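Here is the structure we will look at, set down as structure tokens.
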Amino acid sequence: MRESDIRLLMEISPDREIRPGWQRGVEIQRTRTIKAGSLLYCSSYPIWDTTTRRDAQAQLTKARERKGTTDAQRRLNARKAEERLVQIINANFGAGDHLVTCTYAAGKEPDSFQSAQRNMRNYMARVKRLCKRKGLPDPAYVYVTEVTRSNRWGTRYHHHMVMRCGLSRDEVENLWTKMHGICNTKQAQRLKEGLTGWAKYIAKQVCSGEKADLFATKHRWAASKGLIIPQPTEADKKISRRRVEKIAQDIQRDPDMARLHLEACYPGYEVLEMNVKTSEWVTGAYVRAVMCRRE
């Protein structure tokens, strides 16, 4: 089974109590790791023997037929899309980079999403030209166009962006304000979780709720060329079945101890968030965690 199927099965199943034999049929515990700047994303999931894997696939098929998994799959896809965008931002940007919000003055609002996107492309072209005139490297950026709708104001657009370039805050803001309206810029601060807070905020504009489907079809976020795209690595001995058992046992009664078990597998990193999924339908556990490099 694919990791995505295992994760979905664990998501929709009631939790299982940790009892003797709860890992029967688990051959190995596979661990998938993605590094994004100072952050590390860890997913550890069971690889079952042939019989157990066949039973797990049957349980997933039965669940889809019995109650459907469309909503659960959509929520899972939205979380994965959000996480991917957060990883890209943390892999490429950090303290000192510009966090930019661009809005429109009255009478200058775009009349469509396409017009709003065109405004941003033109704005970034002006930023790039100014950088070139000043002998600076091309800007690196990720931006999101947010759409809000209300009975009073109708459809309105604004933009959120993280950008790395050699221009000052005033220069970045003036290139927008003289054409469209208001631009607010601040510098990113050094935090142990990197730019996760800002990245999650702008990711939610395209990756959550009713907007999740638009993420795949309209690409409501855009990025400069040449960004680092974090790639996963896999290992079958990084986290043992015994350690997963300790994590699963401690996550409820002693979360700090559960974190220590995981941190022992990644020296130099500390856990920021972690969750463990077990299932009444299958054996083993699915562990997901976000960690940060210790200063």
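Each chain of the structure tokens is named A, B, ... in the order shown, its residues numbered from 1; ligands are numbered from 1 in display order.
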
Determine which residues of segment 78-131 of chain A DSSP labels as strand (DSSP E or B) from the backbone of this structure, then write them out as a short mmCIF file (atom, residue, chain, number, x, y, z; two decimals) with N, CA, C and O atoms, in the first residue's frame.
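Contents of part-v5.cif, freshly written:
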data_model
loop_
_atom_site.label_atom_id
_atom_site.label_comp_id
_atom_site.auth_asym_id
_atom_site.auth_seq_id
_atom_site.Cartn_x
_atom_site.Cartn_y
_atom_site.Cartn_z
N HIS A 98 11.47 39.79 3.38
CA HIS A 98 10.29 40.67 3.41
C HIS A 98 9.00 39.85 3.47
O HIS A 98 8.81 38.92 2.68
N LEU A 99 8.11 40.21 4.40
CA LEU A 99 6.76 39.68 4.45
C LEU A 99 5.84 40.81 3.98
O LEU A 99 5.74 41.84 4.65
N VAL A 100 5.18 40.62 2.87
CA VAL A 100 4.51 41.71 2.16
C VAL A 100 3.01 41.44 2.04
O VAL A 100 2.61 40.31 1.70
N THR A 101 2.20 42.46 2.30
CA THR A 101 0.76 42.41 2.05
C THR A 101 0.38 43.56 1.14
O THR A 101 0.65 44.73 1.47
N CYS A 102 -0.23 43.26 0.01
CA CYS A 102 -0.60 44.27 -0.98
C CYS A 102 -2.12 44.33 -1.11
O CYS A 102 -2.77 43.30 -1.33
N THR A 103 -2.68 45.52 -0.97
CA THR A 103 -4.13 45.72 -1.11
C THR A 103 -4.38 46.83 -2.14
O THR A 103 -3.44 47.51 -2.59
N TYR A 104 -5.65 47.04 -2.46
CA TYR A 104 -6.02 47.99 -3.50
C TYR A 104 -6.76 49.19 -2.92
O TYR A 104 -7.59 49.04 -2.02
#

Residues near segment 157-172 of chain A, cut-off 9 Å, only C-alpha atoms, skip fewer than 5 positions along chain, as JSON, numbers by chain: {"A": [89, 92, 93, 94, 96, 97, 98, 99, 100, 101, 102, 103, 104, 109, 110, 112, 113, 116, 120, 127, 130, 131, 134, 136, 137, 138, 139, 140, 141, 142, 143, 144, 145, 146, 147, 148, 149, 183, 184, 185, 186, 187, 188, 198, 199, 202]}

Backbone-only DSSP, helix (DSSP H, G or I) members of segment 129-279 of chain A, as a PyMOL selection string: chain A and resi 129-133+169-177+196-207+209-218+241-253+255-263

Between atom CA of Gly25 of chain A and atom CA of Val290 of chain A, distance in Å (one decimal): 27.5 Å

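Nearest residue to Asp55 of chain A among A:Ala289, A:Cys265, A:Ile182, A:Met1 is A:Met1, counting only C-alpha atoms.
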
Surrounding residues of Leu272 of chain A excluding itself and chain neighbours under 6 positions, 12 Å, only C-alpha atoms, as a PyMOL selection string: chain A and resi 38-42+192-194+196+255-256+259-260+262-263+288-294

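Nearest to Gln73 of chain A of all the residues A:Ser43, A:Ser4, A:Ser13, A:Gln87 is A:Ser4, counting only C-alpha atoms.
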
Separation of atom CA of Arg75 of chain A from atom CA of Thr61 of chain A, in Å and rounded to one decimal: 18.5 Å

One-decimal distance in Å that lies between atom CA of Ile12 of chain A and atom CA of Glu234 of chain A: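 Separation between atom CA of Glu234 of chain A and atom CA of Ile12 of chain A: 24.7 Å.
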
Surrounding residues of Tyr123 of chain A excluding itself and chain neighbours under 4 positions, 8 Å, only C-alpha atoms, as a PyMOL selection string: chain A and resi 119+127+175-176

File dump, residues just selected, all heavy atoms, as a PDB file, in the first residue's frame:
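Saved file selection09.pdb follows:
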ATOM      1  N   ASN A 119      -1.722  41.823 -12.137  1.00  0.00           N
ATOM      2  CA  ASN A 119      -1.134  42.923 -11.374  1.00  0.00           C
ATOM      3  C   ASN A 119       0.098  42.465 -10.603  1.00  0.00           C
ATOM      4  O   ASN A 119       1.107  43.180 -10.520  1.00  0.00           O
ATOM      5  CB  ASN A 119      -2.167  43.500 -10.406  1.00  0.00           C
ATOM      6  CG  ASN A 119      -3.268  44.256 -11.107  1.00  0.00           C
ATOM      7  OD1 ASN A 119      -3.109  44.690 -12.255  1.00  0.00           O
ATOM      8  ND2 ASN A 119      -4.400  44.415 -10.442  1.00  0.00           N
ATOM      9  N   VAL A 127       9.852  44.901  -9.670  1.00  0.00           N
ATOM     10  CA  VAL A 127      10.834  44.597  -8.620  1.00  0.00           C
ATOM     11  C   VAL A 127      12.109  44.035  -9.247  1.00  0.00           C
ATOM     12  O   VAL A 127      13.225  44.429  -8.880  1.00  0.00           O
ATOM     13  CB  VAL A 127      10.245  43.597  -7.608  1.00  0.00           C
ATOM     14  CG1 VAL A 127      11.327  43.116  -6.631  1.00  0.00           C
ATOM     15  CG2 VAL A 127       9.089  44.236  -6.831  1.00  0.00           C
ATOM     16  N   LEU A 175       6.930  50.519  -5.117  1.00  0.00           N
ATOM     17  CA  LEU A 175       6.659  49.936  -6.425  1.00  0.00           C
ATOM     18  C   LEU A 175       5.205  49.475  -6.548  1.00  0.00           C
ATOM     19  O   LEU A 175       4.656  49.411  -7.642  1.00  0.00           O
ATOM     20  CB  LEU A 175       7.604  48.764  -6.683  1.00  0.00           C
ATOM     21  CG  LEU A 175       9.069  49.123  -6.952  1.00  0.00           C
ATOM     22  CD1 LEU A 175       9.932  47.872  -7.023  1.00  0.00           C
ATOM     23  CD2 LEU A 175       9.200  49.927  -8.253  1.00  0.00           C
ATOM     24  N   TRP A 176       4.568  49.164  -5.417  1.00  0.00           N
ATOM     25  CA  TRP A 176       3.162  48.788  -5.442  1.00  0.00           C
ATOM     26  C   TRP A 176       2.242  50.008  -5.250  1.00  0.00           C
ATOM     27  O   TRP A 176       1.269  50.189  -5.982  1.00  0.00           O
ATOM     28  CB  TRP A 176       2.861  47.751  -4.362  1.00  0.00           C
ATOM     29  CG  TRP A 176       1.405  47.373  -4.303  1.00  0.00           C
ATOM     30  CD1 TRP A 176       0.434  47.919  -3.514  1.00  0.00           C
ATOM     31  CD2 TRP A 176       0.751  46.385  -5.096  1.00  0.00           C
ATOM     32  NE1 TRP A 176      -0.785  47.331  -3.751  1.00  0.00           N
ATOM     33  CE2 TRP A 176      -0.625  46.378  -4.721  1.00  0.00           C
ATOM     34  CE3 TRP A 176       1.181  45.496  -6.080  1.00  0.00           C
ATOM     35  CZ2 TRP A 176      -1.549  45.513  -5.299  1.00  0.00           C
ATOM     36  CZ3 TRP A 176       0.257  44.635  -6.658  1.00  0.00           C
ATOM     37  CH2 TRP A 176      -1.088  44.658  -6.270  1.00  0.00           C
TER      38      TRP A 176
END

Exercise: Leu85 of chain A partners within 12 Å, only C-alpha atoms, chain neighbours under 6 positions left out, as a ChimeraX atom specification: /A:36,78-79,91-92,142-144,162,195-196,198-207,215,219-223,227-230

Shell around Val276 of chain A at 9 Å using only C-alpha atoms, local window under 2 positions removed, as a ChimeraX atom specification: /A:247-248,251,274,278,285-289
